[in-house]
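These notes concern the structure reproduced below.
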Amino acid sequence: MNEPSTGHGEAWEPFLQETWEYVRAAQEGILLSPYLYFYMPASCAFFIHVILCTPFLALDMLGSISELVCSWRIAAGSGPPPSLRQWVDCFWRVLYRYLTVILPATAVFQTLRSPTVPELAPSCWQLFVEVLACFLLFDTLFFFWHLSMHRVPWLYRNIHQLHHQHRIPFALAAQDTSSAELLSLLLLALSSAWVLGCHPLSEAFFHLINSWLAVEDHCGYDLPWSLHRLLPCLGGAPYHQSHHTLHSGNYAPYFTHWDHLFGTYRSSALN
């Protein structure tokens, strides 16, 4: 059971509890249908990814007619924004990998985890700490895995090279990878929450924010309201686009501390 919370987060506690009760009610309905229980996580992950990419699709379509939108593009001088055809082709590639790899993998994972859920929602402080801890652990695991894929030629050729077909990435391309890499990223995210023993609501927030940050990192825009402008510890889209352009450096997905420590940090001044 959660301990009584104190501090400024108390005002949000009833909202979190109401949200969690709604989720628990939905979970009970899902447990009645094995099909929903096994396949809903992957389906939701795919549709959330596509929905989060939609605003950037609009920006790409406006990029050829709006000087303001064009000024936000990180590599404005490297060619026009991706076309609608590129978006559609990428959509079908990602959907195919979800259907053939992610859907079966999450179904297997669902059979291994307990369907029981706690009665109480996490406190605001618990939610914040668990989500932050998930990101720090995921960022660490991703950094070393990503570095390995670049330093070991076999891993790069057979797992990671496909993702680097996008020298100038766009939002939907965040998950346009080989099946093996997409599966590895799923396992890293799930393992981060599992190792830390997070509350299911904290885990859900982590996966949602993780999806958004991955999309924002690949969007190709340095927007005035991007999260990396508010939190200097994050690299953001300019940081990750340097990686795609140089094919080296900036191996961490979000934070920059591991790249600074290992001397793999690269300037993100690509404009």
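Following the order of the structure tokens, first chain is A, next is B, and so on, with residues numbered from 1 inside each chain and ligands from 1 in the order they appear.
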Task: helix (DSSP H, G or I) per DSSP on the backbone: members of segment 141-251 of chain A, as a PyMOL selection string - done: chain A and resi 141-151+153-165+171-175+179-196+200-218+227-230+236-246
Task: All residues 12 Å or closer to His243 of chain A, only C-alpha atoms, same chain fewer than 6 positions away omitted, as a PyMOL selection string - done: chain A and resi 146-147+150+163-164+166-169+217-218+235-237+249-253+259+264-270
Prev. selection, N, CA, C and O atoms, output as a JSON list (two decimals), in the first residue's frame:
[["chain", "number", "residue", "atom", "x", "y", "z"],
["A", 146, "HIS", "N", 23.30, 0.89, -28.12],
["A", 146, "HIS", "CA", 23.47, 1.68, -29.33],
["A", 146, "HIS", "C", 24.96, 1.80, -29.69],
["A", 146, "HIS", "O", 25.35, 1.66, -30.86],
["A", 147, "LEU", "N", 25.78, 2.07, -28.70],
["A", 147, "LEU", "CA", 27.23, 2.15, -28.93],
["A", 147, "LEU", "C", 27.76, 0.83, -29.48],
["A", 147, "LEU", "O", 28.58, 0.81, -30.42],
["A", 150, "HIS", "N", 27.11, 0.30, -33.14],
["A", 150, "HIS", "CA", 27.97, 1.08, -34.02],
["A", 150, "HIS", "C", 29.41, 0.57, -34.00],
["A", 150, "HIS", "O", 30.11, 0.68, -35.01],
["A", 163, "HIS", "N", 18.10, 1.51, -39.84],
["A", 163, "HIS", "CA", 17.60, 2.76, -39.25],
["A", 163, "HIS", "C", 18.34, 3.96, -39.82],
["A", 163, "HIS", "O", 17.77, 5.06, -39.89],
["A", 164, "HIS", "N", 19.58, 3.77, -40.24],
["A", 164, "HIS", "CA", 20.38, 4.87, -40.75],
["A", 164, "HIS", "C", 20.16, 5.13, -42.24],
["A", 164, "HIS", "O", 20.90, 5.91, -42.85],
["A", 166, "HIS", "N", 17.83, 6.80, -42.99],
["A", 166, "HIS", "CA", 17.31, 8.17, -42.86],
["A", 166, "HIS", "C", 18.44, 9.08, -42.38],
["A", 166, "HIS", "O", 18.66, 9.23, -41.18],
["A", 167, "ARG", "N", 19.16, 9.67, -43.31],
["A", 167, "ARG", "CA", 20.20, 10.62, -42.92],
["A", 167, "ARG", "C", 19.58, 11.86, -42.30],
["A", 167, "ARG", "O", 20.12, 12.44, -41.36],
["A", 168, "ILE", "N", 18.44, 12.28, -42.84],
["A", 168, "ILE", "CA", 17.64, 13.35, -42.24],
["A", 168, "ILE", "C", 16.34, 12.70, -41.78],
["A", 168, "ILE", "O", 15.43, 12.48, -42.58],
["A", 169, "PRO", "N", 16.23, 12.33, -40.51],
["A", 169, "PRO", "CA", 15.07, 11.56, -40.05],
["A", 169, "PRO", "C", 13.81, 12.42, -39.98],
["A", 169, "PRO", "O", 13.86, 13.64, -40.02],
["A", 217, "ASP", "N", 12.64, 13.35, -30.97],
["A", 217, "ASP", "CA", 14.06, 13.25, -31.31],
["A", 217, "ASP", "C", 14.28, 13.08, -32.81],
["A", 217, "ASP", "O", 15.30, 13.49, -33.35],
["A", 218, "HIS", "N", 13.34, 12.43, -33.48],
["A", 218, "HIS", "CA", 13.49, 12.14, -34.91],
["A", 218, "HIS", "C", 12.72, 13.11, -35.80],
["A", 218, "HIS", "O", 12.75, 12.96, -37.03],
["A", 235, "GLY", "N", 19.13, 16.20, -24.99],
["A", 235, "GLY", "CA", 19.73, 16.62, -26.25],
["A", 235, "GLY", "C", 18.70, 17.07, -27.27],
["A", 235, "GLY", "O", 18.90, 18.03, -28.00],
["A", 236, "GLY", "N", 17.57, 16.35, -27.34],
["A", 236, "GLY", "CA", 16.52, 16.71, -28.27],
["A", 236, "GLY", "C", 16.84, 16.36, -29.72],
["A", 236, "GLY", "O", 17.82, 15.66, -30.03],
["A", 237, "ALA", "N", 16.01, 16.88, -30.61],
["A", 237, "ALA", "CA", 16.13, 16.58, -32.04],
["A", 237, "ALA", "C", 17.47, 17.02, -32.63],
["A", 237, "ALA", "O", 18.05, 16.28, -33.43],
["A", 249, "GLY", "N", 28.68, 9.15, -32.65],
["A", 249, "GLY", "CA", 28.46, 10.08, -31.55],
["A", 249, "GLY", "C", 27.00, 10.20, -31.16],
["A", 249, "GLY", "O", 26.10, 9.73, -31.85],
["A", 250, "ASN", "N", 26.78, 10.83, -30.01],
["A", 250, "ASN", "CA", 25.41, 11.07, -29.50],
["A", 250, "ASN", "C", 24.60, 9.77, -29.48],
["A", 250, "ASN", "O", 23.52, 9.68, -30.07],
["A", 251, "TYR", "N", 25.12, 8.79, -28.77],
["A", 251, "TYR", "CA", 24.50, 7.47, -28.77],
["A", 251, "TYR", "C", 23.35, 7.34, -27.77],
["A", 251, "TYR", "O", 22.51, 6.46, -27.93],
["A", 252, "ALA", "N", 23.32, 8.18, -26.75],
["A", 252, "ALA", "CA", 22.22, 8.10, -25.79],
["A", 252, "ALA", "C", 20.94, 8.61, -26.43],
["A", 252, "ALA", "O", 20.98, 9.52, -27.28],
["A", 253, "PRO", "N", 19.79, 8.08, -26.06],
["A", 253, "PRO", "CA", 18.55, 8.51, -26.70],
["A", 253, "PRO", "C", 18.07, 9.89, -26.27],
["A", 253, "PRO", "O", 17.56, 10.65, -27.09],
["A", 259, "ASP", "N", 27.28, 10.46, -23.13],
["A", 259, "ASP", "CA", 28.13, 10.86, -24.26],
["A", 259, "ASP", "C", 29.24, 11.80, -23.82],
["A", 259, "ASP", "O", 30.37, 11.73, -24.32],
["A", 264, "THR", "N", 31.87, 10.88, -26.54],
["A", 264, "THR", "CA", 31.17, 10.65, -27.81],
["A", 264, "THR", "C", 30.15, 11.74, -28.10],
["A", 264, "THR", "O", 29.34, 11.59, -29.02],
["A", 265, "TYR", "N", 30.22, 12.80, -27.34],
["A", 265, "TYR", "CA", 29.27, 13.90, -27.59],
["A", 265, "TYR", "C", 29.69, 14.66, -28.85],
["A", 265, "TYR", "O", 30.87, 14.95, -29.05],
["A", 266, "ARG", "N", 28.70, 14.98, -29.69],
["A", 266, "ARG", "CA", 28.95, 15.71, -30.91],
["A", 266, "ARG", "C", 28.07, 16.97, -30.93],
["A", 266, "ARG", "O", 26.93, 16.94, -30.46],
["A", 267, "SER", "N", 28.59, 18.03, -31.49],
["A", 267, "SER", "CA", 27.84, 19.28, -31.55],
["A", 267, "SER", "C", 26.55, 19.07, -32.33],
["A", 267, "SER", "O", 26.51, 18.34, -33.32],
["A", 268, "SER", "N", 25.49, 19.74, -31.87],
["A", 268, "SER", "CA", 24.19, 19.63, -32.55],
["A", 268, "SER", "C", 23.88, 20.86, -33.36],
["A", 268, "SER", "O", 22.73, 21.13, -33.68],
["A", 269, "ALA", "N", 24.89, 21.66, -33.65],
["A", 269, "ALA", "CA", 24.68, 22.89, -34.42],
["A", 269, "ALA", "C", 24.65, 22.56, -35.90],
["A", 269, "ALA", "O", 25.65, 22.66, -36.61],
["A", 270, "LEU", "N", 23.48, 22.10, -36.38],
["A", 270, "LEU", "CA", 23.36, 21.67, -37.76],
["A", 270, "LEU", "C", 22.63, 22.67, -38.64],
["A", 270, "LEU", "O", 22.49, 22.45, -39.83]]
Task: Neighbour list for Leu162 of chain A as a VMD selection string, cut-off 7 Å, only C-alpha atoms, skip fewer than 2 positions in-chain - done: chain A and resid 160 164 to 165 177 to 178
Task: Minimum-distance residue to Glu18 of chain A, chosen among A:Leu120, A:Leu136, A:Leu155, A:Leu190 (using only C-alpha atoms) - done: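 When distances to Glu18 of chain A are compared using only C-alpha atoms, the smallest one comes from A:Leu120.
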- [ ] Between A:Ser83, A:Gln175, A:Ser43, A:Ser242, single out the one closest to Gly63 of chain A, counting only C-alpha atoms.
- [x]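 Closest residue, counting only C-alpha atoms: A:Ser83.
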